[in-house]
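The data block below is my_file.tsv; it holds TSV, C-alpha atoms.
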```
chain	number	residue	atom	x	y	z
D	333	MET	CA	13.63	12.65	11.71
D	334	ARG	CA	13.27	13.34	15.45
D	335	LEU	CA	10.11	12.15	17.14
D	336	ASP	CA	9.35	12.19	20.83
D	337	SER	CA	8.20	9.18	22.78
D	338	THR	CA	4.50	10.10	22.44
D	339	ASP	CA	4.81	10.25	18.64
D	340	LYS	CA	6.55	6.89	18.66
D	341	GLN	CA	3.86	5.40	20.87
D	342	LEU	CA	1.16	6.80	18.60
D	343	ILE	CA	2.83	5.12	15.62
D	344	ASN	CA	3.45	1.86	17.48
D	345	LEU	CA	-0.13	1.57	18.72
D	346	TYR	CA	-2.19	2.83	15.84
D	347	GLN	CA	-0.95	1.47	12.55
D	348	ARG	CA	-3.92	-0.84	12.90
D	349	ASP	CA	-7.05	-1.21	15.00
D	350	LEU	CA	-7.87	2.47	15.06
D	351	PRO	CA	-11.08	2.60	17.10
D	352	VAL	CA	-14.23	2.85	14.98
D	353	CYS	CA	-16.43	5.05	17.16
D	354	GLU	CA	-17.78	8.59	17.07
D	355	ARG	CA	-14.67	10.14	18.62
D	356	PRO	CA	-11.72	7.86	17.79
D	357	TYR	CA	-9.08	10.47	18.64
D	358	LEU	CA	-10.61	10.88	22.11
D	359	GLU	CA	-10.31	7.15	22.73
D	360	MET	CA	-6.72	7.19	21.46
D	361	SER	CA	-5.93	10.16	23.70
D	362	ARG	CA	-6.98	8.21	26.80
D	363	GLN	CA	-4.63	5.40	25.85
D	364	LEU	CA	-1.78	7.87	25.32
D	365	GLY	CA	-2.50	10.05	28.35
D	366	ILE	CA	-2.84	13.27	26.35
D	367	SER	CA	-5.82	15.35	25.23
D	368	GLU	CA	-7.95	14.67	22.16
D	369	GLY	CA	-6.80	17.98	20.67
D	370	GLU	CA	-3.18	16.97	21.08
D	371	VAL	CA	-3.74	13.67	19.28
D	372	ILE	CA	-5.22	15.59	16.36
D	373	ASP	CA	-2.39	18.18	16.43
D	374	ARG	CA	0.24	15.46	16.50
D	375	LEU	CA	-1.37	13.61	13.62
D	376	GLN	CA	-1.51	16.84	11.63
D	377	THR	CA	2.16	17.48	12.33
D	378	LEU	CA	3.15	13.91	11.43
D	379	GLN	CA	1.26	14.29	8.17
D	380	SER	CA	2.79	17.64	7.32
D	381	ARG	CA	6.27	16.28	8.06
D	382	GLN	CA	5.50	13.32	5.78
D	383	VAL	CA	6.08	10.79	8.54
D	384	VAL	CA	2.51	9.59	8.12
D	385	SER	CA	0.89	9.83	4.72
D	386	ARG	CA	-2.65	9.52	6.04
D	387	VAL	CA	-4.80	8.04	8.76
D	388	GLY	CA	-6.27	5.53	6.56
D	389	PRO	CA	-8.19	2.62	5.75
D	390	VAL	CA	-5.90	0.46	3.67
D	391	PHE	CA	-8.07	-1.30	1.13
D	392	GLU	CA	-7.56	-4.94	0.20
D	393	HIS	CA	-6.70	-4.38	-3.41
D	394	ARG	CA	-8.09	-7.62	-4.72
D	395	ARG	CA	-11.48	-6.60	-3.38
D	396	ALA	CA	-11.12	-2.87	-3.88
D	397	GLY	CA	-10.53	-2.98	-7.62
D	398	ALA	CA	-7.83	-4.08	-10.02
D	399	SER	CA	-4.12	-3.47	-9.54
D	400	LEU	CA	-0.97	-4.74	-11.13
D	401	LEU	CA	2.80	-4.53	-10.70
D	402	ALA	CA	4.56	-3.77	-13.97
D	403	ALA	CA	8.13	-3.06	-15.03
D	404	VAL	CA	9.89	-1.61	-18.05
D	405	ALA	CA	13.55	-1.47	-19.08
D	406	ALA	CA	14.16	2.21	-19.83
D	407	PRO	CA	17.41	3.41	-21.40
D	408	GLU	CA	19.42	4.81	-18.44
D	409	GLU	CA	19.71	8.29	-19.93
D	410	GLN	CA	15.93	8.50	-20.40
D	411	ILE	CA	14.85	7.05	-17.10
D	412	ASP	CA	13.50	10.30	-15.61
D	413	LEU	CA	11.55	11.02	-18.76
D	414	VAL	CA	10.04	7.54	-18.91
D	415	ALA	CA	9.22	7.71	-15.18
D	416	ALA	CA	7.43	11.02	-15.72
D	417	ARG	CA	5.38	9.50	-18.55
D	418	ILE	CA	4.44	6.59	-16.34
D	419	ASN	CA	3.35	9.00	-13.58
D	420	ARG	CA	1.09	10.80	-16.04
D	421	ALA	CA	-0.82	7.60	-16.80
D	422	PRO	CA	-4.03	7.26	-14.78
D	423	GLY	CA	-3.98	5.14	-11.62
D	424	VAL	CA	-0.23	4.91	-10.99
D	425	ASN	CA	0.30	4.95	-7.21
D	426	HIS	CA	3.85	3.61	-6.89
D	427	ASN	CA	6.75	4.13	-9.24
D	428	TYR	CA	10.33	3.30	-8.29
D	429	ALA	CA	13.67	3.10	-10.03
D	430	ARG	CA	15.39	-0.17	-9.15
D	431	GLU	CA	18.78	-1.66	-9.88
D	432	HIS	CA	18.06	-4.10	-12.69
D	433	THR	CA	17.73	-4.18	-16.49
D	434	TYR	CA	14.04	-3.72	-15.70
D	435	ASN	CA	14.76	-0.45	-13.98
D	436	LEU	CA	11.32	1.13	-13.51
D	437	TRP	CA	8.74	-0.66	-11.37
D	438	PHE	CA	5.26	0.73	-10.91
D	439	VAL	CA	1.86	-0.26	-9.62
D	440	MET	CA	-1.22	0.74	-11.55
D	441	THR	CA	-4.75	0.55	-10.17
D	442	ALA	CA	-8.15	0.80	-11.82
D	443	PRO	CA	-11.75	0.13	-10.86
D	444	ASP	CA	-11.80	-3.11	-12.88
D	445	GLU	CA	-9.55	-5.45	-14.89
D	446	ASP	CA	-10.67	-4.28	-18.33
D	447	THR	CA	-9.92	-0.65	-17.53
D	448	LEU	CA	-6.57	-1.66	-16.11
D	449	ASP	CA	-5.63	-3.61	-19.25
D	450	GLU	CA	-6.66	-0.69	-21.48
D	451	ARG	CA	-4.55	1.72	-19.45
D	452	LEU	CA	-1.54	-0.57	-19.57
D	453	ASP	CA	-1.92	-1.16	-23.32
D	454	GLU	CA	-2.11	2.58	-23.88
D	455	LEU	CA	0.95	3.23	-21.73
D	456	GLU	CA	2.96	0.45	-23.37
D	457	HIS	CA	2.10	1.91	-26.75
D	458	GLN	CA	3.16	5.42	-25.67
D	459	LEU	CA	6.43	4.28	-24.15
D	460	ARG	CA	7.35	1.90	-26.97
D	461	LEU	CA	9.02	-0.30	-24.39
D	462	PRO	CA	8.14	-3.92	-23.64
D	463	MET	CA	6.41	-4.19	-20.32
D	464	LEU	CA	6.45	-7.00	-17.75
D	465	ARG	CA	2.97	-7.44	-16.31
D	466	LEU	CA	3.08	-9.28	-13.01
D	467	PRO	CA	-0.34	-9.71	-11.39
D	468	MET	CA	-0.47	-11.11	-7.90
D	469	VAL	CA	-1.19	-14.84	-7.89
D	470	GLU	CA	-1.18	-15.32	-4.15
D	471	GLY	CA	-0.34	-13.10	-1.15
D	472	TYR	CA	1.40	-14.54	1.90
D	473	HIS	CA	1.75	-11.49	4.05
D	474	ILE	CA	-1.00	-10.07	6.23
D	475	ASP	CA	-0.60	-6.31	6.43
D	476	LEU	CA	-0.58	-5.38	10.09
D	477	GLY	CA	1.53	-2.30	9.65
D	478	PHE	CA	5.22	-2.44	10.30
D	479	ASP	CA	6.95	-2.68	13.66
D	480	ILE	CA	9.31	0.25	13.61
D	481	ASP	CA	12.79	-0.53	14.90
D	482	TRP	CA	13.36	2.81	16.65
D	483	GLU	CA	16.75	1.70	17.92
D	484	ALA	CA	18.09	0.94	14.47
D	485	LEU	CA	16.90	4.37	13.33
D	486	SER	CA	18.41	6.36	16.18
F	308	MET	CA	-12.60	7.24	-20.24
F	309	ASN	CA	-14.75	5.81	-17.50
F	310	THR	CA	-17.88	7.51	-16.42
F	311	SER	CA	-18.28	7.58	-12.69
F	312	MET	CA	-21.25	5.21	-13.13
F	313	ASP	CA	-18.80	2.35	-13.75
F	314	TYR	CA	-17.32	2.88	-10.32
F	315	LEU	CA	-20.61	2.02	-8.63
F	316	ALA	CA	-20.00	-1.63	-9.43
F	317	VAL	CA	-16.98	-1.69	-7.13
F	318	VAL	CA	-18.92	-0.54	-4.07
F	319	PRO	CA	-20.52	-3.72	-2.74
F	320	ARG	CA	-24.02	-3.34	-1.35
F	321	LEU	CA	-24.32	-3.73	2.37
F	322	PRO	CA	-26.41	-6.72	3.51
F	323	ASP	CA	-28.97	-4.50	5.23
F	324	GLN	CA	-28.31	-1.43	3.16
F	325	GLY	CA	-31.91	-0.30	3.40
F	326	ARG	CA	-32.12	3.34	2.51
F	327	ILE	CA	-28.35	4.03	2.51
F	328	SER	CA	-27.62	5.65	-0.81
F	329	ALA	CA	-25.29	3.74	-3.15
F	330	TRP	CA	-23.96	7.07	-4.41
F	331	GLY	CA	-23.28	8.11	-0.85
F	332	LEU	CA	-21.29	4.91	-0.30
F	333	LEU	CA	-19.29	5.56	-3.45
F	334	ARG	CA	-18.49	9.08	-2.28
F	335	LEU	CA	-17.52	7.63	1.10
F	336	ARG	CA	-15.10	5.20	-0.52
F	337	GLN	CA	-13.57	7.99	-2.55
F	338	ARG	CA	-13.16	10.16	0.55
F	339	LEU	CA	-11.70	7.29	2.56
F	340	GLU	CA	-8.98	6.74	-0.04
F	341	GLN	CA	-7.71	10.21	0.91
F	342	GLY	CA	-7.59	9.27	4.60
F	343	LEU	CA	-9.67	9.96	7.68
F	344	PRO	CA	-10.30	13.66	8.42
F	345	LEU	CA	-8.45	15.02	11.46
F	346	THR	CA	-11.50	16.44	13.18
F	347	ALA	CA	-12.94	15.54	16.59
F	348	ARG	CA	-15.73	13.63	14.85
F	349	PRO	CA	-14.14	12.41	11.63
F	350	TRP	CA	-17.04	10.11	10.70
F	351	GLN	CA	-19.46	13.00	11.11
F	352	THR	CA	-17.20	15.08	8.82
F	353	LEU	CA	-17.28	12.27	6.27
F	354	ALA	CA	-21.06	12.07	6.67
F	355	GLU	CA	-21.39	15.76	5.84
F	356	GLN	CA	-19.11	15.36	2.82
F	357	THR	CA	-20.98	12.37	1.44
F	358	GLY	CA	-24.63	13.04	2.26
F	359	LEU	CA	-24.86	10.08	4.62
F	360	THR	CA	-25.50	10.10	8.36
F	361	GLU	CA	-22.71	9.46	10.84
F	362	GLN	CA	-24.39	6.18	11.80
F	363	GLU	CA	-24.55	5.09	8.16
F	364	VAL	CA	-20.86	5.87	7.71
F	365	LEU	CA	-19.96	3.83	10.81
F	366	THR	CA	-22.16	0.94	9.67
F	367	ALA	CA	-20.50	0.91	6.24
F	368	VAL	CA	-16.97	1.05	7.66
F	369	ASP	CA	-17.69	-1.73	10.18
F	370	HIS	CA	-19.07	-3.85	7.41
F	371	TRP	CA	-16.18	-3.17	5.02
F	372	GLN	CA	-13.74	-4.13	7.76
F	373	ALA	CA	-15.65	-7.33	8.57
F	374	GLN	CA	-15.80	-8.43	4.94
F	375	GLY	CA	-12.14	-7.58	4.32
F	376	LEU	CA	-12.50	-4.72	1.84
F	377	ILE	CA	-10.69	-2.61	4.44
F	378	LYS	CA	-7.77	-4.73	5.61
F	379	ARG	CA	-6.26	-2.25	8.02
F	380	LEU	CA	-7.43	0.98	9.61
F	381	GLY	CA	-4.69	3.12	11.09
F	382	LEU	CA	-1.67	5.30	10.46
F	383	VAL	CA	0.02	4.75	7.12
F	384	VAL	CA	3.69	5.38	7.84
F	385	LYS	CA	6.15	6.70	5.27
F	386	HIS	CA	9.13	4.51	6.03
F	387	ARG	CA	11.47	6.54	3.91
F	388	THR	CA	10.91	9.71	5.97
F	389	LEU	CA	11.55	7.80	9.18
F	390	GLY	CA	14.91	6.68	7.88
F	391	TYR	CA	14.14	3.37	6.24
F	392	THR	CA	15.97	4.43	3.13
F	393	ALA	CA	17.06	1.01	1.87
F	394	ASN	CA	14.21	-0.77	0.19
F	395	ALA	CA	14.96	-4.05	-1.51
F	396	MET	CA	12.62	-6.09	-3.64
F	397	VAL	CA	14.00	-9.62	-3.44
F	398	VAL	CA	12.78	-11.99	-6.14
F	399	TRP	CA	13.12	-15.76	-6.16
F	400	ASN	CA	12.71	-18.58	-8.61
F	401	VAL	CA	11.05	-21.34	-6.61
F	402	PRO	CA	9.65	-24.55	-8.12
F	403	ASP	CA	5.87	-24.17	-8.35
F	404	ARG	CA	5.14	-27.06	-6.01
F	405	TRP	CA	7.01	-25.33	-3.20
F	406	VAL	CA	6.19	-21.71	-3.84
F	407	SER	CA	3.30	-21.42	-1.36
F	408	SER	CA	5.18	-22.96	1.55
F	409	VAL	CA	8.32	-20.94	0.81
F	410	GLY	CA	6.16	-17.79	0.50
F	411	GLU	CA	4.58	-18.38	3.88
F	412	ALA	CA	7.97	-19.01	5.47
F	413	ILE	CA	9.43	-15.79	4.04
F	414	ALA	CA	6.35	-13.77	5.02
F	415	GLY	CA	6.91	-14.83	8.63
F	416	ALA	CA	10.22	-12.96	8.92
F	417	PRO	CA	9.70	-9.76	10.95
F	418	PHE	CA	11.56	-7.48	8.51
F	419	VAL	CA	9.66	-8.73	5.44
F	420	THR	CA	6.88	-6.27	4.68
F	421	LEU	CA	5.24	-7.90	1.66
F	422	CYS	CA	5.39	-11.33	0.05
F	423	TYR	CA	3.59	-12.30	-3.14
F	424	GLN	CA	3.60	-15.01	-5.76
F	425	ARG	CA	3.56	-13.63	-9.32
F	426	PRO	CA	3.83	-15.29	-12.73
F	427	ARG	CA	7.19	-15.85	-14.45
F	428	ARG	CA	7.60	-14.17	-17.85
F	429	LEU	CA	10.12	-16.38	-19.63
F	430	PRO	CA	12.69	-15.94	-20.96
F	431	ASP	CA	13.08	-12.40	-19.54
F	432	TRP	CA	11.79	-12.92	-16.05
F	433	PRO	CA	12.29	-16.28	-14.30
F	434	TYR	CA	11.20	-15.19	-10.80
F	435	ASN	CA	7.86	-16.18	-9.27
F	436	LEU	CA	8.12	-15.10	-5.63
F	437	PHE	CA	8.56	-11.48	-4.49
F	438	CYS	CA	9.26	-10.08	-1.07
F	439	MET	CA	10.09	-6.61	0.20
F	440	ILE	CA	12.62	-5.76	2.88
F	441	HIS	CA	12.71	-2.21	4.30
F	442	GLY	CA	15.85	-1.36	6.21
F	443	VAL	CA	17.89	1.55	7.47
F	444	ASP	CA	20.80	0.88	5.12
F	445	ARG	CA	21.91	-1.52	2.41
F	446	HIS	CA	24.38	-3.32	4.56
F	447	ARG	CA	21.75	-4.15	7.14
F	448	VAL	CA	19.23	-5.26	4.51
F	449	LEU	CA	21.77	-7.60	2.93
F	450	SER	CA	22.61	-9.13	6.29
F	451	GLN	CA	18.89	-9.60	7.02
F	452	LEU	CA	18.62	-11.32	3.66
F	453	ASP	CA	21.54	-13.62	4.54
F	454	ASP	CA	19.78	-14.53	7.79
F	455	LEU	CA	16.57	-15.20	5.90
F	456	ILE	CA	18.33	-17.51	3.44
F	457	THR	CA	19.98	-19.46	6.25
F	458	ASP	CA	16.92	-19.63	8.53
F	459	LYS	CA	14.47	-20.68	5.83
F	460	HIS	CA	16.89	-22.87	3.84
F	461	LEU	CA	16.60	-20.89	0.63
F	462	GLU	CA	20.17	-21.52	-0.60
F	463	THR	CA	19.12	-23.51	-3.64
F	464	PHE	CA	16.66	-20.97	-5.08
F	465	PRO	CA	18.10	-18.43	-7.50
F	466	HIS	CA	17.32	-14.90	-6.39
F	467	ALA	CA	18.01	-11.28	-7.29
F	468	VAL	CA	18.02	-8.17	-5.10
F	469	LEU	CA	16.55	-5.02	-6.63
F	470	PHE	CA	17.29	-2.04	-4.39
F	471	SER	CA	15.24	1.03	-5.14
F	472	THR	CA	17.30	4.06	-6.12
F	473	LYS	CA	14.56	6.63	-6.46
F	474	ALA	CA	10.86	6.94	-5.62
F	475	TYR	CA	9.10	8.74	-8.45
F	476	ARG	CA	5.76	8.21	-6.77
F	477	GLN	CA	4.52	6.69	-3.55
F	478	ARG	CA	0.93	7.24	-2.48
F	479	GLY	CA	-2.17	5.35	-1.44
F	480	ALA	CA	-4.11	3.52	-4.10
F	481	ARG	CA	-7.03	5.37	-5.62
F	482	TYR	CA	-9.28	2.70	-7.06
F	483	VAL	CA	-12.46	4.71	-7.31
F	484	SER	CA	-11.26	8.30	-6.99
F	485	PRO	CA	-10.39	10.36	-10.02
F	486	ASP	CA	-6.64	11.05	-10.35
```
Full structure transcribed into structure tokens:
Amino acid sequence: MRLDSTDKQLINLYQRDLPVCERPYLEMSRQLGISEGEVIDRLQTLQSRQVVSRVGPVFEHRRAGASLLAAVAAPEEQIDLVAARINRAPGVNHNYAREHTYNLWFVMTAPDEDTLDERLDELEHQLRLPMLRLPMVEGYHIDLGFDIDWEALS
Amino acid sequence: MNTSMDYLAVVPRLPDQGRISAWGLLRLRQRLEQGLPLTARPWQTLAEQTGLTEQEVLTAVDHWQAQGLIKRLGLVVKHRTLGYTANAMVVWNVPDRWVSSVGEAIAGAPFVTLCYQRPRRLPDWPYNLFCMIHGVDRHRVLSQLDDLITDKHLETFPHAVLFSTKAYRQRGARYVSPD
């Protein structure tokens, strides 16, 4: 994925602390030395190229609602099928295959704990596979975005 | 199924909410989960979409940031597209009395993107500390992990490395928005 230095600077500077004011892209444009319209165009392009998924607030999930990491051990030959069933369940926002007996790992969210438990019970029943439910006990990492190592990527 | 009424409970009232509509705040939270509009006045756009005023939207967002409901406001990068194709979940079995201090030590490494304590599920799952390492290739991730083990003195804790082989879904959380 080729990005020019302005794109890289945009990503380096604005994974956090996006200005909260009437015209945030104007303020960003002054910092970057380009026009407000160009900031918006670049963000649109980065989104359409899937480099940036959104310009977002990232919600603190323990305050925003309920969420839980879960895993199932799917038979290898059925893994795509099981993954598709998991994706059809409400509230699934991450779902990865990983190299382990527990080979499908997903995060489910819901507005509250009861709804989350009901959804997980329903899914476990549908899949007929035992499910590891691994709620967060404590978080040690403060999400400040991720310093991109452009050199390692080039 | 939930009625949308249940979702109101997850939108905390603002301290001086006054006449700001609770429904408007709910709609604002739903819209914000999709990301900020790319318009010259994105908060005004959100105001039009939610029936609030631009000032009310800004007040709510300031408050949600201050109270920690919004933990970060900015670009959400898709590491995989950029070339961070190796993603390892590294899990550790650390005695409970040490897990917090080991967790904080691991979280301090620059290439660690997440670090959480989670319950063990014995006998199947003995691991209680999870961290994520995003890297450009497997080799590099494994050498970062070696450095981490040496630097933080983690040699005695059993661990497993679960590389991801496929992303079936990766998107922002939608707590209050319909799927």
Between D:Leu461, D:Leu485, D:Val371, D:Met468, smallest distance to F:Leu421 by all atoms listed in the file belongs to D:Met468
Which chain D residues are at most 6 Å from chain F (counting all atoms listed in the file), as an NGL selection string?
:D and (333 or 346-350 or 354-355 or 372 or 383-392 or 395 or 397 or 425-431 or 441-443 or 466-473)
Atomic distance atom CA of F:Leu353 - atom CA of F:Arg334, expressed in Å with one decimal:
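Answer for the atom CA of F:Leu353 to atom CA of F:Arg334 separation: 9.2 Å.
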Rounded to one decimal place, report the atom CA of D:Leu448-atom CA of D:His393 distance in Å.
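Separating atom CA of D:Leu448 from atom CA of D:His393 is a distance of 13.0 Å.
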Please measure the separation of atom CA of F:Leu449 and atom CA of D:Phe438, giving the value in Å to one decimal.
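Atom CA of D:Phe438 lies 23.1 Å from atom CA of F:Leu449.
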When you count only C-alpha atoms, which of these residues is closest to D:Leu401: D:Arg362, D:Gly369, D:Met463, D:Pro351?
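Nearest candidate to D:Leu401 out of D:Arg362, D:Gly369, D:Met463, D:Pro351: D:Met463.
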Would you pick out the contacts of D:Gln341 at 12 Å or less, using all atoms listed in the file, so that residues sharing its chain but fewer than 3 positions from it are not included, and give the list as a list in words?
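The neighbour list is Leu335, Asp336, Ser337, Thr338, Asn344, Leu345, Tyr346, Gln347, Met360, Ser361, Gln363, Leu364, Gly365, Ile366, Val371, Arg374, Asp479, Ile480 and Trp482 of chain D; Leu382 of chain F.
Every protein, DNA or RNA residue with an atom at most 7 Å from F:Tyr434, where all atoms listed in the file count and chain neighbours fewer than 6 positions away do not, is listed here: Val398, Trp399, Asn400 and Arg427 of chain F.
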Which of these, F:Leu429, F:Ala354, F:Ala393, F:Leu359, has the shortest distance to F:Gln451 once you count all atoms listed in the file?
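Counting all atoms listed in the file, the residue closest to F:Gln451 is F:Ala393.
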